[in-house]
Amino acid sequence: DLPLQAADRQLGVIGTDFLSLLTVQITESAVFLGEQPCQPATMRARGFVPISQDHFFSSDPSAVDARLPNVPIVFLRLGATRVWAQIDTGYDDAIYPHSVDINQALYERLIKDGMRLRRVSEMTVSTCEGRETRPVYAVDNSLAVETDQSEPIVRTVNFHLVLKQANGCGGIGAMSEPAAQLGASYLRLFRAIVFDPKSKTVWLDVGWQSPQFRMGRS
């Protein structure tokens, strides 16, 4: 429980090796850990929405696609384009909240699907190879977070796309298929998020709405 921490202070980084061993629930003011997987009926009754992690995130590494890191994901829809996006709890996107990192393959897919990307700025980030500059884009479309069954959960118009080029650090930038990555600020858009690797499920609690973030079914 972290009730005495000052606002906007980083407390640490939760690594994916840690996430893949325990069930972790993150809320605005606390983190809860457990060894047991969640009970689906109980989670649904409490308003959580499940996103299957098949081939992406599991306590059993052999269940993960060998081409992918063992990282929890959600699915995004932007116009005609649908893609999976890693949830990076250690990616501080305070300069452009609700940043969505995209790789070159996704950038090209968006252009092919008719998306108009407007370059609005650039940002400098620290990587394992040092500091690099990345272009920041805005689009006129809304962004939807979806389940693995393409069911919309929430939708927002308050976001930016950041093009992540390939470098020696790996990650989505080195992938030839379209891929995305969400900054940590997305965690604040949910009342709670649960990483459940033993059941290969991410659970989202979206029990509230805001003017810029609304239920996808409305």
# chains A, B, ... in the order shown; residues from 1 in each chain; ligands from 1
call {"tool": "residues_around", "arguments": {"residues": "region 62-69 of chain A", "least_positions_apart": "2", "cutoff": "9 Å", "atoms": "only C-alpha atoms", "output": "PyMOL selection string"}}
result
chain A and resi 16+53-60+71+171+175
call {"tool": "write_last_selection", "arguments": {"atoms": "all heavy atoms", "output": "short mmCIF file (atom, residue, chain, number, x, y, z; two decimals), in the first residue's frame"}}
result
data_model
loop_
_atom_site.label_atom_id
_atom_site.label_comp_id
_atom_site.auth_asym_id
_atom_site.auth_seq_id
_atom_site.Cartn_x
_atom_site.Cartn_y
_atom_site.Cartn_z
N THR A 16 8.82 -7.65 -16.58
CA THR A 16 7.93 -8.68 -17.10
C THR A 16 8.21 -10.04 -16.48
O THR A 16 7.32 -10.89 -16.41
CB THR A 16 8.06 -8.77 -18.62
OG1 THR A 16 9.44 -9.00 -18.97
CG2 THR A 16 7.59 -7.50 -19.29
N GLN A 53 -4.63 -13.67 -23.32
CA GLN A 53 -3.22 -13.45 -23.63
C GLN A 53 -2.60 -14.63 -24.38
O GLN A 53 -1.37 -14.80 -24.38
CB GLN A 53 -2.44 -13.20 -22.34
CG GLN A 53 -2.94 -12.01 -21.54
CD GLN A 53 -2.73 -10.70 -22.26
OE1 GLN A 53 -1.59 -10.29 -22.50
NE2 GLN A 53 -3.82 -10.04 -22.64
N ASP A 54 -3.42 -15.46 -25.01
CA ASP A 54 -2.90 -16.62 -25.73
C ASP A 54 -1.78 -16.21 -26.69
O ASP A 54 -1.95 -15.29 -27.50
CB ASP A 54 -4.02 -17.30 -26.52
CG ASP A 54 -4.89 -18.18 -25.64
OD1 ASP A 54 -4.47 -18.48 -24.51
OD2 ASP A 54 -6.00 -18.54 -26.07
N HIS A 55 -0.64 -16.89 -26.58
CA HIS A 55 0.55 -16.70 -27.41
C HIS A 55 1.34 -15.44 -27.06
O HIS A 55 2.38 -15.17 -27.66
CB HIS A 55 0.19 -16.66 -28.90
CG HIS A 55 -0.67 -17.79 -29.35
ND1 HIS A 55 -0.27 -19.11 -29.24
CD2 HIS A 55 -1.93 -17.81 -29.88
CE1 HIS A 55 -1.23 -19.90 -29.70
NE2 HIS A 55 -2.25 -19.14 -30.09
N PHE A 56 0.85 -14.64 -26.08
CA PHE A 56 1.53 -13.39 -25.75
C PHE A 56 2.12 -13.37 -24.34
O PHE A 56 3.25 -12.95 -24.15
CB PHE A 56 0.56 -12.20 -25.89
CG PHE A 56 0.23 -11.85 -27.29
CD1 PHE A 56 -0.93 -12.32 -27.89
CD2 PHE A 56 1.08 -11.04 -28.04
CE1 PHE A 56 -1.24 -11.98 -29.20
CE2 PHE A 56 0.78 -10.69 -29.35
CZ PHE A 56 -0.39 -11.17 -29.93
N PHE A 57 1.34 -13.80 -23.33
CA PHE A 57 1.74 -13.59 -21.93
C PHE A 57 1.26 -14.77 -21.10
O PHE A 57 0.07 -15.09 -21.08
CB PHE A 57 1.14 -12.29 -21.42
CG PHE A 57 1.40 -11.99 -19.96
CD1 PHE A 57 2.69 -11.89 -19.48
CD2 PHE A 57 0.34 -11.80 -19.08
CE1 PHE A 57 2.94 -11.60 -18.14
CE2 PHE A 57 0.57 -11.52 -17.75
CZ PHE A 57 1.87 -11.42 -17.27
N SER A 58 2.21 -15.42 -20.39
CA SER A 58 1.84 -16.61 -19.63
C SER A 58 2.92 -16.91 -18.60
O SER A 58 4.09 -16.55 -18.77
CB SER A 58 1.67 -17.80 -20.58
OG SER A 58 1.49 -19.01 -19.86
N SER A 59 2.53 -17.60 -17.52
CA SER A 59 3.51 -18.08 -16.55
C SER A 59 4.30 -19.26 -17.11
O SER A 59 5.31 -19.66 -16.55
CB SER A 59 2.79 -18.50 -15.26
OG SER A 59 1.81 -19.50 -15.52
N ASP A 60 3.82 -19.83 -18.22
CA ASP A 60 4.51 -20.92 -18.91
C ASP A 60 5.15 -20.35 -20.18
O ASP A 60 4.46 -20.11 -21.17
CB ASP A 60 3.52 -22.02 -19.27
CG ASP A 60 4.16 -23.15 -20.05
OD1 ASP A 60 5.41 -23.17 -20.16
OD2 ASP A 60 3.41 -24.01 -20.56
N VAL A 71 5.12 -10.56 -22.63
CA VAL A 71 4.65 -9.26 -22.16
C VAL A 71 3.13 -9.18 -22.31
O VAL A 71 2.60 -9.59 -23.35
CB VAL A 71 5.31 -8.12 -22.98
CG1 VAL A 71 4.76 -6.77 -22.57
CG2 VAL A 71 6.82 -8.15 -22.80
N GLY A 171 12.71 -5.10 -28.97
CA GLY A 171 11.37 -4.56 -28.77
C GLY A 171 10.60 -4.46 -30.07
O GLY A 171 10.98 -5.04 -31.10
N MET A 175 10.64 -5.51 -34.87
CA MET A 175 9.70 -6.49 -35.42
C MET A 175 9.29 -6.10 -36.83
O MET A 175 9.07 -4.93 -37.14
CB MET A 175 8.46 -6.59 -34.53
CG MET A 175 8.74 -7.12 -33.14
SD MET A 175 7.24 -7.23 -32.13
CE MET A 175 7.94 -7.78 -30.57
#
call {"tool": "select_by_dssp", "arguments": {"residues": "region 134-181 of chain A", "states": "strand (DSSP E)", "output": "ChimeraX atom specification"}}
result
/A:134-138,143-146,152-156,160-163,180-181
call {"tool": "write_last_selection", "arguments": {"atoms": "N, CA and C atoms", "output": "mmCIF file, in the first residue's frame"}}
result
data_model
loop_
_atom_site.group_PDB
_atom_site.id
_atom_site.type_symbol
_atom_site.label_atom_id
_atom_site.label_comp_id
_atom_site.auth_asym_id
_atom_site.auth_seq_id
_atom_site.Cartn_x
_atom_site.Cartn_y
_atom_site.Cartn_z
ATOM 1 N N ARG A 134 12.502 10.821 -31.628
ATOM 2 C CA ARG A 134 11.409 10.122 -32.300
ATOM 3 C C ARG A 134 10.325 11.122 -32.699
ATOM 4 N N PRO A 135 9.750 10.987 -33.903
ATOM 5 C CA PRO A 135 8.671 11.875 -34.324
ATOM 6 C C PRO A 135 7.358 11.537 -33.615
ATOM 7 N N VAL A 136 6.567 12.579 -33.346
ATOM 8 C CA VAL A 136 5.277 12.431 -32.676
ATOM 9 C C VAL A 136 4.175 12.828 -33.658
ATOM 10 N N TYR A 137 3.150 11.996 -33.789
ATOM 11 C CA TYR A 137 2.082 12.220 -34.751
ATOM 12 C C TYR A 137 0.725 12.330 -34.053
ATOM 13 N N ALA A 138 -0.165 13.091 -34.676
ATOM 14 C CA ALA A 138 -1.560 13.161 -34.257
ATOM 15 C C ALA A 138 -2.430 12.691 -35.419
ATOM 16 N N LEU A 143 -9.183 6.277 -30.845
ATOM 17 C CA LEU A 143 -8.452 5.041 -30.602
ATOM 18 C C LEU A 143 -9.274 4.175 -29.651
ATOM 19 N N ALA A 144 -9.519 2.934 -30.043
ATOM 20 C CA ALA A 144 -10.308 2.022 -29.213
ATOM 21 C C ALA A 144 -9.418 0.927 -28.644
ATOM 22 N N VAL A 145 -9.617 0.626 -27.361
ATOM 23 C CA VAL A 145 -9.008 -0.544 -26.728
ATOM 24 C C VAL A 145 -10.020 -1.676 -26.821
ATOM 25 N N GLU A 146 -9.594 -2.813 -27.362
ATOM 26 C CA GLU A 146 -10.508 -3.923 -27.601
ATOM 27 C C GLU A 146 -10.036 -5.193 -26.906
ATOM 28 N N PRO A 152 -15.101 -3.705 -28.364
ATOM 29 C CA PRO A 152 -14.561 -2.452 -27.825
ATOM 30 C C PRO A 152 -14.804 -2.345 -26.327
ATOM 31 N N ILE A 153 -13.804 -1.904 -25.612
ATOM 32 C CA ILE A 153 -13.915 -1.704 -24.165
ATOM 33 C C ILE A 153 -14.040 -0.219 -23.866
ATOM 34 N N VAL A 154 -13.093 0.560 -24.341
ATOM 35 C CA VAL A 154 -13.098 2.005 -24.151
ATOM 36 C C VAL A 154 -12.528 2.671 -25.399
ATOM 37 N N ARG A 155 -12.797 3.970 -25.513
ATOM 38 C CA ARG A 155 -12.341 4.712 -26.679
ATOM 39 C C ARG A 155 -11.866 6.088 -26.233
ATOM 40 N N THR A 156 -10.819 6.596 -26.863
ATOM 41 C CA THR A 156 -10.303 7.908 -26.506
ATOM 42 C C THR A 156 -9.898 8.682 -27.754
ATOM 43 N N HIS A 160 -1.354 10.328 -28.698
ATOM 44 C CA HIS A 160 -0.389 10.612 -29.750
ATOM 45 C C HIS A 160 0.280 9.316 -30.173
ATOM 46 N N LEU A 161 0.749 9.275 -31.402
ATOM 47 C CA LEU A 161 1.517 8.154 -31.911
ATOM 48 C C LEU A 161 2.983 8.556 -31.992
ATOM 49 N N VAL A 162 3.861 7.683 -31.495
ATOM 50 C CA VAL A 162 5.301 7.941 -31.496
ATOM 51 C C VAL A 162 5.975 6.835 -32.297
ATOM 52 N N LEU A 163 6.674 7.219 -33.365
ATOM 53 C CA LEU A 163 7.311 6.232 -34.229
ATOM 54 C C LEU A 163 8.622 5.760 -33.605
ATOM 55 N N ALA A 180 2.552 -2.335 -31.456
ATOM 56 C CA ALA A 180 2.466 -1.074 -30.722
ATOM 57 C C ALA A 180 2.818 -1.314 -29.261
ATOM 58 N N GLN A 181 2.961 -0.220 -28.532
ATOM 59 C CA GLN A 181 3.333 -0.273 -27.117
ATOM 60 C C GLN A 181 2.692 0.915 -26.414
#
call {"tool": "select_by_dssp", "arguments": {"residues": "chain A", "states": "helix (DSSP H, G or I)", "output": "count of residues only"}}
result
31
call {"tool": "closest_residue", "arguments": {"among": "A:Ser185, A:Asn70, A:Ser150, A:Gln25", "to": "Tyr91 (chain A)", "atoms": "only C-alpha atoms"}}
result
A:Ser185
call {"tool": "closest_residue", "arguments": {"among": "A:Asp101, A:Glu129, A:Asp93, A:Asp205", "to": "Asn167 (chain A)", "atoms": "only C-alpha atoms"}}
result
A:Glu129
call {"tool": "closest_residue", "arguments": {"among": "A:Pro97, A:Ile73, A:Val49, A:Leu33", "to": "Ala179 (chain A)", "atoms": "only C-alpha atoms"}}
result
A:Ile73
call {"tool": "atom_distance", "arguments": {"atom1": "CA of Ser199 (chain A)", "atom2": "CA of Leu187 (chain A)"}}
result
20.5 Å
call {"tool": "closest_residue", "arguments": {"among": "A:Glu35, A:Asp88, A:Glu122, A:Glu28", "to": "Gly15 (chain A)", "atoms": "only C-alpha atoms"}}
result
A:Asp88
call {"tool": "residues_around", "arguments": {"residues": "Asp148 (chain A)", "least_positions_apart": "5", "cutoff": "7 Å", "atoms": "only C-alpha atoms", "output": "list in words"}}
result
Ile51, Ser52 and Phe75 of chain A
call {"tool": "residues_around", "arguments": {"residues": "Tyr186 (chain A)", "least_positions_apart": "3", "cutoff": "10 Å", "atoms": "only C-alpha atoms", "output": "VMD selection string"}}
result
chain A and resid 87 to 89 93 97 to 100 159 182 to 183 189 to 190
call {"tool": "atom_distance", "arguments": {"atom1": "CA of Glu177 (chain A)", "atom2": "CA of Lys112 (chain A)"}}
result
14.1 Å
